[in-house]
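Enquirer: Have a look at this one before I ask anything.
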Amino acid sequence: MSDLQPTKWEIMAAIISHEIKDGEVMFLGMSTGGITMLLHTYVPGVGLALARRTHAPNCAITSTDSPDMERILGDDMKVISGANIYLGEIDIGLSSCAQVDKYGNQNIVCIGDYHKPSVRLVGPILQPTHLAYFKREIIAVDHEARNFVDKVDFISGVGHQDLGPKSRESIGLPGTGPCMIMTDLCVFDFPLGTRTATLKWIYPGVTVDEVRENTGFVHDYMPERVPEAPLPTQEEIRLIREELDPDAALLPRS
Amino acid sequence: MSDLQPTKWEIMAAIISHEIKDGEVMFLGMSTGGITMLLHTYVPGVGLALARRTHAPNCAITSTDSPDMERILGDDMKVISGANIYLGEIDIGLSSCAQVDKYGNQNIVCIGDYHKPSVRLVGPILQPTHLAYFKREIIAVDHEARNFVDKVDFISGVGHQDLGPKSRESIGLPGTGPCMIMTDLCVFDFPLGTRTATLKWIYPGVTVDEVRENTGFVHDYMPERVPEAPLPTQEEIRLIREELDPDAALLPRS
Amino acid sequence: MGVRIIMSEPTNKLRSLSEAAKLVKDGSTICLVGRTGRANHPMAFAYELVRQRVKDLTIIAVNNGLSVDLLCGAGCVRRVETSCVGLEEFGLASNFRRAVERGEVEVAEYPEDLVTPRFYATAHGMPFYPVRGLLGSDILKYNEDIKEGISPIDGKPYSALPPARPDWVVVHAPIGDTRGNVVFFLGAGYSPVGELEATRCTKNNIITVERIVPDDQISKYIPTQFRRSYLPTIPEFRTRVIVEAPFGSHPSSLTGVTEADTEFIEMYAKAGRARLKGDPESWESFLDKYVYGCGTHSDYLELVGAGVLAKLRDVGGDLI
Amino acid sequence: MGVRIIMSEPTNKLRSLSEAAKLVKDGSTICLVGRTGRANHPMAFAYELVRQRVKDLTIIAVNNGLSVDLLCGAGCVRRVETSCVGLEEFGLASNFRRAVERGEVEVAEYPEDLVTPRFYATAHGMPFYPVRGLLGSDILKYNEDIKEGISPIDGKPYSALPPARPDWVVVHAPIGDTRGNVVFFLGAGYSPVGELEATRCTKNNIITVERIVPDDQISKYIPTQFRRSYLPTIPEFRTRVIVEAPFGSHPSSLTGVTEADTEFIEMYAKAGRARLKGDPESWESFLDKYVYGCGTHSDYLELVGAGVLAKLRDVGGDLI
């Protein structure tokens, strides 16, 4: 029996699974269908279900935009009610943005000058609150150069900022901010020392050059060789393909 | 056919009826049974029903403590939901107290020094909010000397105070404060000039001396002769006895 | 002395769409509570505002989409206070985008969870609504209505949101009576929190409903499948006027009654996108055909077509 | 590498009354949500706190009565934050009165409508709850937790209420399961707003229920007459421990389940009044007999008597 090769989506779902600790509560933002639905709903949803089947049987999610996914995952998708955002009861949030900078500040309000924007976007929706109160946030973004900027045009989600001596805590934010940027090429994290986006893992088949070309901000740490992302185990791939998502209704198999 | 003689309760109900303008909304405080129930629930309830049958067909009440009364009065007791205290949607409130002073300040918290009271009472309940937000308040008190004091020991309901040049409005209270003190002997009002309790009407058979003996504060205006309270008309008495409360279940006939 | 005997006569609050829209004067602040993108928008009322060529509106909107976009596209809006204007899977709200990018409409930004608290603050007599979740964000930099303060309790900074003070709140709901009693139906994961919070902060509520039912019989007209649930209501005391506007949320959906008309929205969104790219023709045709060209809401429904509308009714709607 | 396969095992939160009461340490702040005077008080839990001789409690109470009076009378309380402690038609709460008059218990005064907003403030991350309805009253003079401020929005004064931060919230409800899901029944004009608001401000909720029902079958155990209504619930996520305590509100009522035991309350109130007047004997006998003399809640119920208890069950209660 030959080894099962994980798809990109399975790799991402497994990374999310490993990020979730037992008993933690996850919150997903709004999705609007298509690729967004895959990246922001199905991948983390399968990630949560995988965590529940493996190391975190008591993790849960507050709600999703997808009754279909909840039906497919069934008991593997524990949806709880009553978790309170403001009391710090959400452990992990997930959100997207049009711009992210190296401090993990996010923007979904406008591109360009606020008063005369070149593109007016939807508005802050729940992003400020995610980044203020959730214990940590996974930023999920399509990996295009224009999405990665030196300084976002509008801070609608507060990252680690360029706070100098000030920390997020010192300005009164209870959450610890973004813990990773997950793209379709790679994962950045925010090491405690610098709190700036640092390339952590690239997916199989992706090169550092490819990441560099598609990333608009300068990294403090961008070595020639970056570890390849940890791949899901054979058992995790089997769980996804045979038990959680047998019809590939959530994660495409290619 | 000889004239019907109104009872004290009927006189009070009619005074309340005349105080209510068409379309106004009344709010009753909590009653705890017995004479309190009569003074604070049945008398104003019948007053409201009388107003609806005569000059104010669209007045209403927010709720009562008495499902019995609501059943007896039926459609004559229009109970509405959704009136907002803070938006000034309550026109008339009614409340009681253990102490009232000549400015209409009320106390239901304690008798004596706050930190070492001789009598600890129930606490402020909703009184502060009545006196802050209701357009006007009818204070209904048993007429005993100890209830009428020069200065209340704890202001739990703000009257016209001894504000000097300051008005209620200047301290930020939207309601206009107490409009009358109604007792089982007489009615005081608060004329615009002085805003201090002034004997307005006494009930038939009550003397000014009797009021004076039973009132612990000094009135700015306490003449030898005070007008007798306006009595309900024959038709009003008939409405109460024959149509609103035919079994005298609410107002005793003697 | 005789006593006038007058029996109470409940006020008939039923008005035509045109009469109701005339209540909204140029420069008014109105609250339009649609639900993100394309659900539960009071569209018939929004179309009528366009027909009456109302100008300089300030719109307070919860996560919004179609209704704000339409009013921006027709030049009725000066300012929007909101957390979101978008068309979900149909993309950005192009008319809103264009108006903001050209500087014709200004926006006061609020996060999604802090829109309804502005209604709560008004309804609870709060002088302002203090929060801490905005610290560090550019919302504080650009929304000049939000002021910074120091808490007298713990001495640390907070942001004070202004209570919402709309001149009018407009809501579309399934059924109501001429006295202004209104009932909402429920959908999966949906309850009309925004609608209820907004209507509680004023008595100037304009409610459009799919159907006016006989007074005091509203519960008879609740479809069977909803009868076993608690249903949210607006009491008559809070309703200023009520308007019958069947399919009054079209092309957005109405929970429990009508599906969104996705083909129509696609056409709408395409017209807006073309205009944003410099080709105004299809947007102008849209307004001419479906708004200015329709004297009344009935004309609009006729244009959309009975066949199309019938397909949009969902289970609850069949019984309306 | 192998993967541990672990199926999720819901936590069993069922505890004995005694175990649950041990969570409350001397000096804790607890919220007891009874309803004015003699309705819906978590009395079994209050009795158990007395048995365990807990000291120096701060009690946050909405309009309250029996439960606070009992704990004051047994010397468990240092401070009460409330709008009311009284026994309605049974008169003033004599033990509370006595303790306050002797300076043994201090009171932080709040008006009735501003008690639950303190829970709301906590649950919504508000640094304080600003109000204007207290201006001019002596509540501002004597409640030192309420601070005065100037609104950054309109420059006028306001009062800042401190959010409620109870260590534990204790609520009595009709039914629940071992995971901590809880359902309330409804009565005329009653909904458990205080209970729900309080439980939303912490995860340290101790819920006592009349009956523990099988997990995932809670809806089967709702009496027929309540099934057509929306019923308020506490989700398991908010429950720390759940305790089975039948007649756990005795002698107060429980909406939809049990009537108040007015004879018992009369006896209780009389004992308190006698003590206030200098004769402590009947109060001490009451405590000795019904509290210290009962090892468990079952002993207490036996003392009260099955015949008496049976008569107190109302329609909903028959089905429990």
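Ordered as shown in the structure tokens, chains take letters A, B, and onward, while each chain numbers its residues from 1 and ligands are numbered from 1 in the order shown.
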Identify, on the basis of only C-alpha atoms, every residue whose closest approach to Lys13 in chain C does not exceed 6 Å; exclude the query and any residue fewer than 5 positions from it along the same chain; express the result as a PyMOL selection string.

Expert: chain C and resi 178-179+241-242

Enquirer: At a cut-off of 6 Å, which residues of chain C touch chain A? Count only C-alpha atoms and give the answer as a PyMOL selection string.

Expert: chain C and resi 83-86+88-89+97+101+111-112+133+137-138

Enquirer: Between C:Phe286, C:Phe237, C:Tyr47, C:Tyr120, single out the one closest to chain D, counting only C-alpha atoms.

Expert: C:Tyr120

Enquirer: Based on DSSP run over this structure's backbone, return all residues of range 28-169 of chain B in helix (DSSP H, G or I), as an MDAnalysis selection string.

Expert: chainID B and resid 34:53 67:76 127:133 145:147 169

Enquirer: So that I have them on file, write out the residues from the current selection with C-alpha atoms, as a PDB file, in the first residue's frame.

Expert:
ATOM      1  CA  GLY B  34     -53.560  44.916  51.917  1.00  0.00           C
ATOM      2  CA  ILE B  35     -54.101  48.665  52.144  1.00  0.00           C
ATOM      3  CA  THR B  36     -51.053  49.238  49.918  1.00  0.00           C
ATOM      4  CA  MET B  37     -52.711  47.243  47.156  1.00  0.00           C
ATOM      5  CA  LEU B  38     -55.795  49.412  47.458  1.00  0.00           C
ATOM      6  CA  LEU B  39     -53.932  52.736  47.470  1.00  0.00           C
ATOM      7  CA  HIS B  40     -51.261  51.893  44.896  1.00  0.00           C
ATOM      8  CA  THR B  41     -52.973  49.506  42.530  1.00  0.00           C
ATOM      9  CA  TYR B  42     -56.779  49.472  42.744  1.00  0.00           C
ATOM     10  CA  VAL B  43     -57.359  53.229  43.167  1.00  0.00           C
ATOM     11  CA  PRO B  44     -55.119  54.235  40.235  1.00  0.00           C
ATOM     12  CA  GLY B  45     -56.339  51.252  38.201  1.00  0.00           C
ATOM     13  CA  VAL B  46     -59.972  52.310  38.587  1.00  0.00           C
ATOM     14  CA  GLY B  47     -58.830  55.902  37.961  1.00  0.00           C
ATOM     15  CA  LEU B  48     -57.312  54.863  34.646  1.00  0.00           C
ATOM     16  CA  ALA B  49     -60.387  52.848  33.661  1.00  0.00           C
ATOM     17  CA  LEU B  50     -62.586  55.830  34.512  1.00  0.00           C
ATOM     18  CA  ALA B  51     -60.402  58.093  32.383  1.00  0.00           C
ATOM     19  CA  ARG B  52     -60.698  55.654  29.471  1.00  0.00           C
ATOM     20  CA  ARG B  53     -64.506  55.677  29.820  1.00  0.00           C
ATOM     21  CA  PRO B  67     -54.054  40.000  37.225  1.00  0.00           C
ATOM     22  CA  ASP B  68     -57.326  40.020  39.216  1.00  0.00           C
ATOM     23  CA  MET B  69     -57.802  43.720  38.668  1.00  0.00           C
ATOM     24  CA  GLU B  70     -56.934  43.396  34.992  1.00  0.00           C
ATOM     25  CA  ARG B  71     -59.579  40.686  34.653  1.00  0.00           C
ATOM     26  CA  ILE B  72     -62.242  42.693  36.482  1.00  0.00           C
ATOM     27  CA  LEU B  73     -61.612  45.870  34.520  1.00  0.00           C
ATOM     28  CA  GLY B  74     -61.214  44.010  31.230  1.00  0.00           C
ATOM     29  CA  ASP B  75     -61.063  46.293  28.197  1.00  0.00           C
ATOM     30  CA  ASP B  76     -61.322  49.308  30.482  1.00  0.00           C
ATOM     31  CA  GLN B 127     -38.066  54.700  42.820  1.00  0.00           C
ATOM     32  CA  PRO B 128     -34.952  56.570  41.622  1.00  0.00           C
ATOM     33  CA  THR B 129     -35.867  55.727  38.047  1.00  0.00           C
ATOM     34  CA  HIS B 130     -39.526  56.784  38.456  1.00  0.00           C
ATOM     35  CA  LEU B 131     -38.451  60.168  39.700  1.00  0.00           C
ATOM     36  CA  ALA B 132     -35.720  60.592  37.100  1.00  0.00           C
ATOM     37  CA  TYR B 133     -37.586  59.622  33.948  1.00  0.00           C
ATOM     38  CA  ALA B 145     -47.032  62.617  60.759  1.00  0.00           C
ATOM     39  CA  ARG B 146     -43.855  60.513  60.706  1.00  0.00           C
ATOM     40  CA  ASN B 147     -44.172  60.078  56.955  1.00  0.00           C
ATOM     41  CA  GLU B 169     -33.412  69.974  34.638  1.00  0.00           C
TER      42      GLU B 169
END

Enquirer: Go through B:Trp201, B:Phe188, B:Trp9, B:Phe27 and flag the residue nearest Ile90 in chain B, using only C-alpha atoms for the distances.

Expert: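 Selected residue with least distance to Ile90 in chain B: B:Phe27.
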
Enquirer: Which residues come within 12 Å of Gln234 in chain A, counting only C-alpha atoms, excluding same-chain residues fewer than 2 positions away, as number ranges by chain?

Expert: A: 1-6, 10-11, 14, 231-232, 236-242; D: 1-3
